[in-house]
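Just run.pdb here, PDB, C-alpha atoms:
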ATOM      1  CA  MET U 993      15.141 -27.357   8.192
ATOM      2  CA  ASP U 994      15.990 -24.794  10.882
ATOM      3  CA  LYS U 995      13.487 -22.181  11.953
ATOM      4  CA  GLY U 996      12.989 -19.275   9.555
ATOM      5  CA  PRO U 997      12.925 -16.818   8.175
ATOM      6  CA  HIS U 998      15.311 -17.867   5.435
ATOM      7  CA  LEU U 999      16.704 -14.893   3.512
ATOM      8  CA  ILE U1000      16.589 -15.580  -0.226
ATOM      9  CA  LYS U1001      18.283 -13.130  -2.592
ATOM     10  CA  LYS U1002      18.265 -14.909  -5.952
ATOM     11  CA  ILE U1003      15.234 -15.523  -8.167
ATOM     12  CA  PRO U1004      16.177 -19.124  -9.167
ATOM     13  CA  ASP U1005      16.658 -20.052  -5.494
ATOM     14  CA  MET U1006      13.231 -18.648  -4.567
ATOM     15  CA  MET U1007      11.584 -20.428  -7.484
ATOM     16  CA  ASN U1008      13.170 -23.757  -6.551
ATOM     17  CA  ILE U1009      11.935 -23.399  -2.962
ATOM     18  CA  VAL U1010       8.436 -22.572  -4.198
ATOM     19  CA  LYS U1011       8.443 -25.581  -6.502
ATOM     20  CA  VAL U1012       8.928 -27.889  -3.514
ATOM     21  CA  HIS U1013       6.236 -26.271  -1.360
ATOM     22  CA  LYS U1014       3.648 -25.953  -4.141
ATOM     23  CA  GLN U1015       3.320 -29.719  -4.342
ATOM     24  CA  ASN U1016       1.233 -29.972  -1.190
ATOM     25  CA  GLN U1017       1.245 -26.671   0.717
ATOM     26  CA  ILE U1018      -0.619 -23.359   0.514
ATOM     27  CA  ILE U1019       1.573 -20.275   0.105
ATOM     28  CA  GLY U1020       0.693 -16.842   1.470
ATOM     29  CA  PHE U1021       2.583 -13.795   0.249
ATOM     30  CA  VAL U1022       3.011 -10.280   1.681
ATOM     31  CA  PRO U1023       4.830  -7.908  -0.715
ATOM     32  CA  THR U1024       6.559  -4.989   1.044
ATOM     33  CA  MET U1025       9.288  -2.409   0.600
ATOM     34  CA  GLY U1026      10.577  -3.153   4.081
ATOM     35  CA  PHE U1027      10.920  -0.934   7.147
ATOM     36  CA  LEU U1028       8.092  -3.030   8.541
ATOM     37  CA  HIS U1029       5.525  -1.559  10.925
ATOM     38  CA  LYS U1030       2.301  -2.701  12.600
ATOM     39  CA  GLY U1031       0.391  -2.393   9.336
ATOM     40  CA  HIS U1032       2.713  -4.919   7.694
ATOM     41  CA  ILE U1033       2.573  -7.099  10.807
ATOM     42  CA  SER U1034      -1.226  -7.296  10.563
ATOM     43  CA  LEU U1035      -0.868  -8.582   6.990
ATOM     44  CA  ILE U1036       1.779 -11.117   8.000
ATOM     45  CA  GLN U1037      -0.363 -12.357  10.888
ATOM     46  CA  SER U1038      -3.312 -12.934   8.560
ATOM     47  CA  ALA U1039      -1.048 -14.759   6.128
ATOM     48  CA  ARG U1040       0.347 -16.898   8.942
ATOM     49  CA  LYS U1041      -3.152 -17.850  10.060
ATOM     50  CA  ASP U1042      -4.354 -18.807   6.574
ATOM     51  CA  ASN U1043      -1.377 -20.557   4.965
ATOM     52  CA  ASP U1044       1.154 -23.344   5.391
ATOM     53  CA  ILE U1045       4.043 -21.234   4.087
ATOM     54  CA  VAL U1046       4.446 -17.457   4.424
ATOM     55  CA  VAL U1047       6.736 -15.443   2.139
ATOM     56  CA  VAL U1048       7.450 -11.739   2.681
ATOM     57  CA  SER U1049       9.245  -9.808  -0.038
ATOM     58  CA  ILE U1050      11.381  -6.804   0.860
ATOM     59  CA  PHE U1051      12.272  -4.799  -2.219
ATOM     60  CA  VAL U1052      12.427  -1.024  -2.597
ATOM     61  CA  ASN U1053      11.224  -1.014  -6.171
ATOM     62  CA  PRO U1054      12.921   1.705  -8.257
ATOM     63  CA  LYS U1055      10.315   1.480 -11.003
ATOM     64  CA  GLN U1056       7.575   2.931  -8.819
ATOM     65  CA  PHE U1057       9.562   6.056  -7.932
ATOM     66  CA  ALA U1058       9.683   9.058 -10.260
ATOM     67  CA  PRO U1059      13.052  10.839 -10.679
ATOM     68  CA  ASN U1060      12.004  13.582  -8.242
ATOM     69  CA  GLU U1061      10.820  11.162  -5.540
ATOM     70  CA  ASP U1062      12.408   9.800  -2.399
ATOM     71  CA  ILE U1063      13.897   6.383  -3.233
ATOM     72  CA  ASP U1064      17.369   7.242  -1.922
ATOM     73  CA  ARG U1065      16.066   8.334   1.463
ATOM     74  CA  TYR U1066      13.343   5.709   1.686
ATOM     75  CA  PRO U1067      13.849   4.141   5.159
ATOM     76  CA  ARG U1068      15.544   0.759   5.317
ATOM     77  CA  ASN U1069      16.451  -1.563   8.186
ATOM     78  CA  ILE U1070      16.802  -5.150   7.016
ATOM     79  CA  LYS U1071      18.089  -6.444  10.379
ATOM     80  CA  ARG U1072      14.996  -5.142  12.139
ATOM     81  CA  ASP U1073      12.756  -6.462   9.349
ATOM     82  CA  ILE U1074      14.278  -9.943   9.682
ATOM     83  CA  GLU U1075      13.679  -9.909  13.429
ATOM     84  CA  ILE U1076      10.044  -8.844  12.976
ATOM     85  CA  CYS U1077       9.547 -11.618  10.429
ATOM     86  CA  ARG U1078      11.104 -14.117  12.829
ATOM     87  CA  GLU U1079       8.755 -13.032  15.612
ATOM     88  CA  GLN U1080       5.768 -13.440  13.279
ATOM     89  CA  GLY U1081       6.750 -16.904  12.052
ATOM     90  CA  VAL U1082       7.597 -15.971   8.446
ATOM     91  CA  ASP U1083       9.178 -18.849   6.544
ATOM     92  CA  TYR U1084      11.001 -16.956   3.783
ATOM     93  CA  ILE U1085      12.047 -13.380   3.080
ATOM     94  CA  PHE U1086      12.625 -12.716  -0.607
ATOM     95  CA  TYR U1087      15.206  -9.911  -0.630
ATOM     96  CA  PRO U1088      16.479  -9.316  -4.167
ATOM     97  CA  CYS U1089      18.576  -6.380  -5.334
ATOM     98  CA  ALA U1090      17.461  -4.128  -8.191
ATOM     99  CA  GLU U1091      19.913  -5.805 -10.596
ATOM    100  CA  GLU U1092      18.397  -9.190  -9.808
ATOM    101  CA  MET U1093      14.871  -8.007 -10.571
ATOM    102  CA  TYR U1094      15.766  -5.747 -13.498
ATOM    103  CA  PRO U1095      18.923  -7.082 -15.195
ATOM    104  CA  ASN U1096      20.581  -5.332 -18.106
ATOM    105  CA  GLY U1097      18.261  -5.353 -21.102
ATOM    106  CA  PHE U1098      15.043  -5.503 -19.076
ATOM    107  CA  GLN U1099      12.342  -3.789 -21.127
ATOM    108  CA  THR U1100       8.911  -5.165 -20.190
ATOM    109  CA  SER U1101       6.260  -3.287 -18.260
ATOM    110  CA  VAL U1102       2.743  -4.166 -17.128
ATOM    111  CA  SER U1103       0.147  -1.411 -16.891
ATOM    112  CA  LEU U1104      -3.594  -0.905 -16.550
ATOM    113  CA  SER U1105      -5.339   1.565 -18.814
ATOM    114  CA  GLU U1106      -8.133   3.041 -16.660
ATOM    115  CA  LEU U1107      -7.768   2.455 -12.905
ATOM    116  CA  THR U1108      -4.421   4.253 -12.799
ATOM    117  CA  LYS U1109      -5.651   7.568 -14.245
ATOM    118  CA  GLY U1110      -7.162   9.225 -11.181
ATOM    119  CA  LEU U1111      -6.297   9.704  -7.505
ATOM    120  CA  CYS U1112      -2.549   9.103  -7.010
ATOM    121  CA  GLY U1113      -2.133   8.350 -10.708
ATOM    122  CA  LYS U1114      -2.661  12.018 -11.588
ATOM    123  CA  SER U1115       0.362  13.279  -9.687
ATOM    124  CA  ARG U1116       2.389  10.056  -9.951
ATOM    125  CA  PRO U1117       1.774   8.949 -13.557
ATOM    126  CA  THR U1118       4.552   6.306 -13.681
ATOM    127  CA  HIS U1119       4.008   4.911 -10.198
ATOM    128  CA  PHE U1120       1.415   2.214 -10.784
ATOM    129  CA  SER U1121       3.057   0.686 -13.847
ATOM    130  CA  GLY U1122       6.085   0.202 -11.598
ATOM    131  CA  VAL U1123       3.885  -1.461  -8.982
ATOM    132  CA  THR U1124       2.111  -3.789 -11.412
ATOM    133  CA  THR U1125       5.338  -4.688 -13.219
ATOM    134  CA  VAL U1126       7.135  -5.723 -10.045
ATOM    135  CA  LEU U1127       4.079  -7.560  -8.699
ATOM    136  CA  THR U1128       3.747  -9.493 -11.959
ATOM    137  CA  LYS U1129       7.336 -10.648 -11.505
ATOM    138  CA  LEU U1130       6.839 -11.428  -7.812
ATOM    139  CA  PHE U1131       3.644 -13.386  -8.461
ATOM    140  CA  ASN U1132       5.436 -15.429 -11.125
ATOM    141  CA  ILE U1133       8.409 -16.085  -8.837
ATOM    142  CA  ILE U1134       6.524 -16.899  -5.620
ATOM    143  CA  GLN U1135       3.299 -18.343  -7.107
ATOM    144  CA  PRO U1136       1.213 -17.537  -4.024
ATOM    145  CA  ASP U1137      -2.234 -18.902  -3.339
ATOM    146  CA  ASN U1138      -3.092 -15.866  -1.200
ATOM    147  CA  VAL U1139      -1.749 -12.293  -1.220
ATOM    148  CA  TYR U1140      -2.266  -9.604   1.412
ATOM    149  CA  PHE U1141      -2.544  -5.845   0.966
ATOM    150  CA  GLY U1142      -3.603  -2.989   3.238
ATOM    151  CA  GLN U1143      -6.542  -0.670   2.614
ATOM    152  CA  LYS U1144      -4.291   2.364   3.170
ATOM    153  CA  ASP U1145      -3.083   1.986  -0.411
ATOM    154  CA  ALA U1146      -6.671   1.675  -1.610
ATOM    155  CA  GLN U1147      -6.089   2.533  -5.266
ATOM    156  CA  GLN U1148      -3.201   0.092  -5.416
ATOM    157  CA  ALA U1149      -5.400  -2.638  -3.945
ATOM    158  CA  VAL U1150      -8.121  -2.102  -6.577
ATOM    159  CA  ILE U1151      -5.498  -2.082  -9.348
ATOM    160  CA  VAL U1152      -3.857  -5.297  -8.154
ATOM    161  CA  LYS U1153      -7.243  -6.996  -7.788
ATOM    162  CA  GLN U1154      -8.033  -6.101 -11.414
ATOM    163  CA  MET U1155      -4.605  -7.258 -12.592
ATOM    164  CA  ILE U1156      -5.055 -10.618 -10.877
ATOM    165  CA  LYS U1157      -8.399 -11.004 -12.626
ATOM    166  CA  ASP U1158      -7.194  -9.813 -16.041
ATOM    167  CA  LEU U1159      -4.061 -11.978 -16.099
ATOM    168  CA  ASN U1160      -5.848 -15.079 -14.741
ATOM    169  CA  TYR U1161      -3.625 -15.508 -11.718
ATOM    170  CA  PRO U1162      -4.939 -18.314  -9.471
ATOM    171  CA  ILE U1163      -4.523 -16.024  -6.474
ATOM    172  CA  THR U1164      -6.978 -14.929  -3.784
ATOM    173  CA  MET U1165      -6.447 -11.325  -2.726
ATOM    174  CA  HIS U1166      -7.073 -10.109   0.823
ATOM    175  CA  ILE U1167      -7.463  -6.374   1.612
ATOM    176  CA  LEU U1168      -7.042  -5.707   5.336
ATOM    177  CA  PRO U1169      -8.088  -2.637   7.365
ATOM    178  CA  ILE U1170      -5.807   0.345   7.913
ATOM    179  CA  ILE U1171      -3.674   0.125  11.059
ATOM    180  CA  ARG U1172      -3.272   3.494  12.747
ATOM    181  CA  GLU U1173      -0.933   5.217  15.164
ATOM    182  CA  ASP U1174      -2.346   6.121  18.589
ATOM    183  CA  ASN U1175      -3.144   9.605  17.251
ATOM    184  CA  GLY U1176      -5.116   8.212  14.299
ATOM    185  CA  ILE U1177      -2.493   8.663  11.557
ATOM    186  CA  ALA U1178      -2.395   5.762   9.113
ATOM    187  CA  MET U1179       0.778   3.744   9.668
ATOM    188  CA  SER U1180       3.326   4.320   6.925
ATOM    189  CA  SER U1181       7.072   3.943   6.531
ATOM    190  CA  ARG U1182       7.082   7.589   5.421
ATOM    191  CA  ASN U1183       5.851   8.735   8.836
ATOM    192  CA  LYS U1184       9.519   8.493   9.828
ATOM    193  CA  TYR U1185      10.142  11.656   7.801
ATOM    194  CA  LEU U1186       7.771  13.737   9.955
ATOM    195  CA  SER U1187       8.880  15.904  12.857
ATOM    196  CA  ALA U1188       6.872  15.809  16.086
ATOM    197  CA  GLY U1189       5.054  18.949  15.001
ATOM    198  CA  GLN U1190       4.291  17.521  11.570
ATOM    199  CA  MET U1191       2.969  14.321  13.151
ATOM    200  CA  LYS U1192       0.551  16.503  15.087
ATOM    201  CA  ASN U1193      -0.441  18.345  11.884
ATOM    202  CA  ALA U1194      -0.977  15.009  10.108
ATOM    203  CA  GLU U1195      -3.782  14.131  12.508
ATOM    204  CA  VAL U1196      -6.035  16.338  10.372
ATOM    205  CA  LEU U1197      -6.178  13.679   7.637
ATOM    206  CA  ASN U1198      -8.027  11.142   9.757
ATOM    207  CA  LYS U1199     -10.008  13.847  11.559
ATOM    208  CA  SER U1200     -11.325  15.228   8.267
ATOM    209  CA  LEU U1201     -12.288  11.740   7.082
ATOM    210  CA  LYS U1202     -14.067  11.035  10.374
ATOM    211  CA  LEU U1203     -15.926  14.326  10.043
ATOM    212  CA  ALA U1204     -17.134  13.284   6.583
ATOM    213  CA  GLU U1205     -18.143   9.866   7.924
ATOM    214  CA  THR U1206     -20.145  11.487  10.738
ATOM    215  CA  LEU U1207     -21.947  13.774   8.283
ATOM    216  CA  ILE U1208     -22.781  10.797   6.056
ATOM    217  CA  LYS U1209     -24.269   8.989   9.062
ATOM    218  CA  GLN U1210     -26.350  12.103   9.686
ATOM    219  CA  GLY U1211     -27.696  11.968   6.142
ATOM    220  CA  GLU U1212     -25.304  13.979   3.951
ATOM    221  CA  ARG U1213     -24.864  12.307   0.548
ATOM    222  CA  ASN U1214     -23.616  15.058  -1.771
ATOM    223  CA  CYS U1215     -19.976  14.380  -2.657
ATOM    224  CA  ASN U1216     -19.123  17.944  -3.634
ATOM    225  CA  ARG U1217     -20.301  19.249  -0.286
ATOM    226  CA  LEU U1218     -18.367  16.553   1.562
ATOM    227  CA  LYS U1219     -15.180  17.318  -0.392
ATOM    228  CA  LYS U1220     -15.497  21.017   0.434
ATOM    229  CA  ILE U1221     -15.935  20.199   4.128
ATOM    230  CA  ILE U1222     -12.791  18.039   4.100
ATOM    231  CA  TYR U1223     -10.920  20.737   2.183
ATOM    232  CA  HIS U1224     -11.838  23.437   4.703
ATOM    233  CA  LYS U1225     -10.948  21.190   7.660
ATOM    234  CA  ILE U1226      -7.454  20.634   6.254
ATOM    235  CA  GLU U1227      -7.000  24.269   5.226
ATOM    236  CA  ASN U1228      -8.015  25.440   8.698
ATOM    237  CA  GLU U1229      -5.319  23.216  10.211
ATOM    238  CA  ASN U1230      -2.826  24.616   7.731
ATOM    239  CA  ARG U1231      -3.771  28.204   8.478
ATOM    240  CA  ASN U1232      -4.049  27.864  12.266
ATOM    241  CA  SER U1233      -0.756  26.025  12.776
ATOM    242  CA  ASN U1234       1.297  27.334   9.838
ATOM    243  CA  ALA U1235       1.809  23.670   8.963
ATOM    244  CA  ASN U1236       2.943  23.906   5.312
ATOM    245  CA  ILE U1237       0.189  21.501   4.208
ATOM    246  CA  LYS U1238      -0.502  21.232   0.486
ATOM    247  CA  ILE U1239      -3.524  19.211  -0.667
ATOM    248  CA  ASP U1240      -2.801  16.889  -3.593
ATOM    249  CA  TYR U1241      -6.360  15.573  -3.938
ATOM    250  CA  ILE U1242      -9.625  14.911  -2.141
ATOM    251  CA  GLU U1243     -11.720  12.391  -4.066
ATOM    252  CA  ILE U1244     -14.899  10.410  -3.479
ATOM    253  CA  VAL U1245     -15.239   7.426  -5.799
ATOM    254  CA  ASN U1246     -16.799   4.021  -6.247
ATOM    255  CA  PHE U1247     -14.421   1.616  -4.472
ATOM    256  CA  ASP U1248     -14.986  -1.065  -7.108
ATOM    257  CA  ASN U1249     -13.902   0.921 -10.184
ATOM    258  CA  LEU U1250     -12.494   4.221  -8.750
ATOM    259  CA  GLN U1251     -14.907   6.280 -10.838
ATOM    260  CA  PRO U1252     -16.031   9.617  -9.339
ATOM    261  CA  ILE U1253     -19.578   9.691  -8.006
ATOM    262  CA  GLU U1254     -21.956  12.554  -7.225
ATOM    263  CA  ASN U1255     -23.675  10.985  -4.223
ATOM    264  CA  VAL U1256     -22.435   8.606  -1.543
ATOM    265  CA  ARG U1257     -23.682   5.041  -1.840
ATOM    266  CA  THR U1258     -22.633   1.557  -0.764
ATOM    267  CA  ASN U1259     -18.895   0.845  -1.071
ATOM    268  CA  THR U1260     -17.796   4.449  -1.472
ATOM    269  CA  LEU U1261     -14.118   5.343  -1.070
ATOM    270  CA  ILE U1262     -13.185   8.752   0.329
ATOM    271  CA  ALA U1263      -9.478   9.236  -0.341
ATOM    272  CA  ILE U1264      -7.112  12.112   0.348
ATOM    273  CA  ALA U1265      -3.449  12.854  -0.306
ATOM    274  CA  VAL U1266      -1.539  15.786   1.147
ATOM    275  CA  PHE U1267       2.010  16.999   1.422
ATOM    276  CA  ILE U1268       3.132  17.972   4.905
ATOM    277  CA  GLY U1269       6.376  19.712   4.193
ATOM    278  CA  GLN U1270       8.120  17.433   1.699
ATOM    279  CA  THR U1271       6.334  14.251   2.829
ATOM    280  CA  ARG U1272       3.340  12.966   0.905
ATOM    281  CA  LEU U1273       0.741  11.154   3.001
ATOM    282  CA  ILE U1274      -2.407   9.321   1.947
ATOM    283  CA  ASP U1275      -5.431   8.175   3.921
ATOM    284  CA  ASN U1276      -8.954   6.962   3.230
ATOM    285  CA  ILE U1277     -12.136   5.485   4.557
ATOM    286  CA  VAL U1278     -14.601   3.135   2.905
ATOM    287  CA  ILE U1279     -18.307   3.764   3.461
ATOM    288  CA  LYS U1280     -19.896   0.315   3.474
TER
END
What's the structure tokens form of this structure?
Amino acid sequence: MDKGPHLIKKIPDMMNIVKVHKQNQIIGFVPTMGFLHKGHISLIQSARKDNDIVVVSIFVNPKQFAPNEDIDRYPRNIKRDIEICREQGVDYIFYPCAEEMYPNGFQTSVSLSELTKGLCGKSRPTHFSGVTTVLTKLFNIIQPDNVYFGQKDAQQAVIVKQMIKDLNYPITMHILPIIREDNGIAMSSRNKYLSAGQMKNAEVLNKSLKLAETLIKQGERNCNRLKKIIYHKIENENRNSNANIKIDYIEIVNFDNLQPIENVRTNTLIAIAVFIGQTRLIDNIVIK
């Protein structure tokens, strides 16, 4: 077989390929919506190191976008994505269209009852059922032994981990650290929407999280006080630079179950989401 990646567009073709490899090889899987960046590359590199076969999916999933969200302008560049996958030694790219994944008559959804209620689930109530539905399909199609997610989408990672457990998937999940731009902004395909000035404004997300981390190291444990400090840091940036920043949420929760906590303890997630102009950005840190 010639060197990959092989672009597979049909579900039966992908399943037949998997059937052959599953006999004696370990499969690693990186699910993406494409427009790959260094964050995705870090996941692919870990998958390449750990597995015999690496599959990357590229699918802009319509079910995780609300009607008022940005699916039509979501950035896409399949030629560039293929080249990145080639450079990283990916074996297969699963690249289905929406009609392939959701044919006429499709009516099943997979959802979690509790973990999806807070954080991003408050302002995006249909988002996570779209994520878990498509991942259920992808896990069934690709049958990976290992899957790789980034910590940037922290709530998503906790949800998927619970889904894997609840549905008895024989899959090991790996959550890798956030990869950041030189200025500290968490890498995201949506960063493409930001102007140079907005990119500068967006630095406040990581700066406010680092400020909270420093205060925790100095002994601060009260979550309400920490949230207020983050809030004022972001609002000061908004006021001083006329940045059009709107805070969606600032939350401090247990990273295992996403429940709010009053005082910082081991494995605490500090997560924020803001709009800079029309672009929604998320960032977080985990206090170990």
From the set U:Ser1038, U:Thr1164, U:Gln1251, U:Asn1043, which residue has the shortest atom-to-atom contact distance to U:Asn1016, counting all atoms listed in the file?
->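 Nearest candidate to U:Asn1016 out of U:Ser1038, U:Thr1164, U:Gln1251, U:Asn1043: U:Asn1043.
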What residues have an atom no more than 8 Å from (-13.7, 9.3, -6.3) in the file's own frame, counting only C-alpha atoms, and can you write them as a list of chain:residue names?
-> U:Leu1111, U:Glu1243, U:Ile1244, U:Val1245, U:Asn1246, U:Phe1247, U:Leu1250, U:Gln1251, U:Pro1252, U:Ile1253, U:Thr1260, U:Leu1261, U:Ile1262, U:Ala1263
Quick check on the file I pasted: which residues fall under the PyMOL selection byres ((chain U and resi 1031) around 8)? Write them as a short mmCIF file (atom, residue, chain, number, x, y, z; two decimals) with C-alpha atoms, keeping the file's coordinate frame.
data_model
loop_
_atom_site.label_atom_id
_atom_site.label_comp_id
_atom_site.auth_asym_id
_atom_site.auth_seq_id
_atom_site.Cartn_x
_atom_site.Cartn_y
_atom_site.Cartn_z
CA LEU U 1028 8.09 -3.03 8.54
CA HIS U 1029 5.52 -1.56 10.92
CA LYS U 1030 2.30 -2.70 12.60
CA HIS U 1032 2.71 -4.92 7.69
CA ILE U 1033 2.57 -7.10 10.81
CA SER U 1034 -1.23 -7.30 10.56
CA LEU U 1035 -0.87 -8.58 6.99
CA GLY U 1142 -3.60 -2.99 3.24
CA ILE U 1170 -5.81 0.34 7.91
CA ILE U 1171 -3.67 0.12 11.06
CA ARG U 1172 -3.27 3.49 12.75
CA MET U 1179 0.78 3.74 9.67
CA SER U 1180 3.33 4.32 6.92
#
What's the 9 Å shell around U:Gly1081, counting all atoms listed in the file, without same-chain residues fewer than 2 positions away, as JSON, numbers by chain?
-> {"U": [995, 996, 997, 1036, 1037, 1040, 1046, 1076, 1077, 1078, 1079, 1083]}
Would you output that residue set with C-alpha atoms, as a PDB file, keeping the file's coordinate frame?
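Final output, result-v9.pdb:
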ATOM      1  CA  LYS U 995      13.487 -22.181  11.953  1.00  0.00           C
ATOM      2  CA  GLY U 996      12.989 -19.275   9.555  1.00  0.00           C
ATOM      3  CA  PRO U 997      12.925 -16.818   8.175  1.00  0.00           C
ATOM      4  CA  ILE U1036       1.779 -11.117   8.000  1.00  0.00           C
ATOM      5  CA  GLN U1037      -0.363 -12.357  10.888  1.00  0.00           C
ATOM      6  CA  ARG U1040       0.347 -16.898   8.942  1.00  0.00           C
ATOM      7  CA  VAL U1046       4.446 -17.457   4.424  1.00  0.00           C
ATOM      8  CA  ILE U1076      10.044  -8.844  12.976  1.00  0.00           C
ATOM      9  CA  CYS U1077       9.547 -11.618  10.429  1.00  0.00           C
ATOM     10  CA  ARG U1078      11.104 -14.117  12.829  1.00  0.00           C
ATOM     11  CA  GLU U1079       8.755 -13.032  15.612  1.00  0.00           C
ATOM     12  CA  ASP U1083       9.178 -18.849   6.544  1.00  0.00           C
TER      13      ASP U1083
END
Top pick for closest residue to U:Gln1154, considering U:Asn1183, U:Gln1056, U:Ser1103, U:Thr1024 and counting only C-alpha atoms =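 Of all the options, U:Ser1103 lies closest to U:Gln1154.
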Which residue gives the smallest distance to U:Asn1259 among U:Arg1116, U:Val1126, U:Ile1274, U:Lys1280, with only C-alpha atoms counted?
->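 Result for the nearest residue to U:Asn1259: U:Lys1280.
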For atom CA of U:Gly1211 and atom CA of U:Lys1199, determine how far apart the two atoms are, in Å to one decimal place.
->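 Spanning atom CA of U:Gly1211 to atom CA of U:Lys1199 is a straight-line distance of 18.6 Å.
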Output of the PyMOL selection byres ((chain U and resi 1089) around 10), listed as an MDAnalysis selection string = chainID U and resid 1001:1002 1050:1053 1086:1088 1090:1095
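Nearest residue to U:Phe1057, choosing from U:Thr1118, U:Gln1017, U:Val1102, U:His998 and counting only C-alpha atoms: U:Thr1118.
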Could you model N, CA and C atoms for stretch 1053-1068 of chain U and present them as a PDB file, keeping the file's coordinate frame?
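Dumped to rebuild34.pdb:
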ATOM      1  N   ASN U1053      11.341  -0.862  -4.727  1.00  0.00           N
ATOM      2  CA  ASN U1053      11.224  -1.014  -6.171  1.00  0.00           C
ATOM      3  C   ASN U1053      11.494   0.305  -6.899  1.00  0.00           C
ATOM      4  N   PRO U1054      12.606   0.420  -7.611  1.00  0.00           N
ATOM      5  CA  PRO U1054      12.921   1.705  -8.257  1.00  0.00           C
ATOM      6  C   PRO U1054      11.920   2.118  -9.320  1.00  0.00           C
ATOM      7  N   LYS U1055      11.217   1.148  -9.903  1.00  0.00           N
ATOM      8  CA  LYS U1055      10.315   1.480 -11.003  1.00  0.00           C
ATOM      9  C   LYS U1055       9.046   2.196 -10.557  1.00  0.00           C
ATOM     10  N   GLN U1056       8.768   2.213  -9.260  1.00  0.00           N
ATOM     11  CA  GLN U1056       7.575   2.931  -8.819  1.00  0.00           C
ATOM     12  C   GLN U1056       7.896   4.305  -8.234  1.00  0.00           C
ATOM     13  N   PHE U1057       9.146   4.725  -8.361  1.00  0.00           N
ATOM     14  CA  PHE U1057       9.562   6.056  -7.932  1.00  0.00           C
ATOM     15  C   PHE U1057       9.879   6.903  -9.160  1.00  0.00           C
ATOM     16  N   ALA U1058       9.323   8.103  -9.207  1.00  0.00           N
ATOM     17  CA  ALA U1058       9.683   9.058 -10.260  1.00  0.00           C
ATOM     18  C   ALA U1058      11.049   9.658  -9.932  1.00  0.00           C
ATOM     19  N   PRO U1059      11.721  10.277 -10.921  1.00  0.00           N
ATOM     20  CA  PRO U1059      13.052  10.839 -10.679  1.00  0.00           C
ATOM     21  C   PRO U1059      13.113  11.856  -9.545  1.00  0.00           C
ATOM     22  N   ASN U1060      11.999  12.553  -9.287  1.00  0.00           N
ATOM     23  CA  ASN U1060      12.004  13.582  -8.242  1.00  0.00           C
ATOM     24  C   ASN U1060      11.541  13.046  -6.892  1.00  0.00           C
ATOM     25  N   GLU U1061      11.357  11.730  -6.775  1.00  0.00           N
ATOM     26  CA  GLU U1061      10.820  11.162  -5.540  1.00  0.00           C
ATOM     27  C   GLU U1061      11.934  10.607  -4.650  1.00  0.00           C
ATOM     28  N   ASP U1062      11.523   9.965  -3.551  1.00  0.00           N
ATOM     29  CA  ASP U1062      12.408   9.800  -2.399  1.00  0.00           C
ATOM     30  C   ASP U1062      13.040   8.418  -2.265  1.00  0.00           C
ATOM     31  N   ILE U1063      13.387   7.749  -3.368  1.00  0.00           N
ATOM     32  CA  ILE U1063      13.897   6.383  -3.233  1.00  0.00           C
ATOM     33  C   ILE U1063      15.193   6.325  -2.428  1.00  0.00           C
ATOM     34  N   ASP U1064      16.077   7.296  -2.610  1.00  0.00           N
ATOM     35  CA  ASP U1064      17.369   7.242  -1.922  1.00  0.00           C
ATOM     36  C   ASP U1064      17.225   7.401  -0.415  1.00  0.00           C
ATOM     37  N   ARG U1065      16.235   8.164   0.022  1.00  0.00           N
ATOM     38  CA  ARG U1065      16.066   8.334   1.463  1.00  0.00           C
ATOM     39  C   ARG U1065      14.941   7.479   2.022  1.00  0.00           C
ATOM     40  N   TYR U1066      14.391   6.594   1.180  1.00  0.00           N
ATOM     41  CA  TYR U1066      13.343   5.709   1.686  1.00  0.00           C
ATOM     42  C   TYR U1066      13.924   4.868   2.824  1.00  0.00           C
ATOM     43  N   PRO U1067      13.243   4.796   3.982  1.00  0.00           N
ATOM     44  CA  PRO U1067      13.849   4.141   5.159  1.00  0.00           C
ATOM     45  C   PRO U1067      14.058   2.649   4.953  1.00  0.00           C
ATOM     46  N   ARG U1068      15.190   2.165   5.438  1.00  0.00           N
ATOM     47  CA  ARG U1068      15.544   0.759   5.317  1.00  0.00           C
ATOM     48  C   ARG U1068      16.166   0.281   6.629  1.00  0.00           C
TER      49      ARG U1068
END
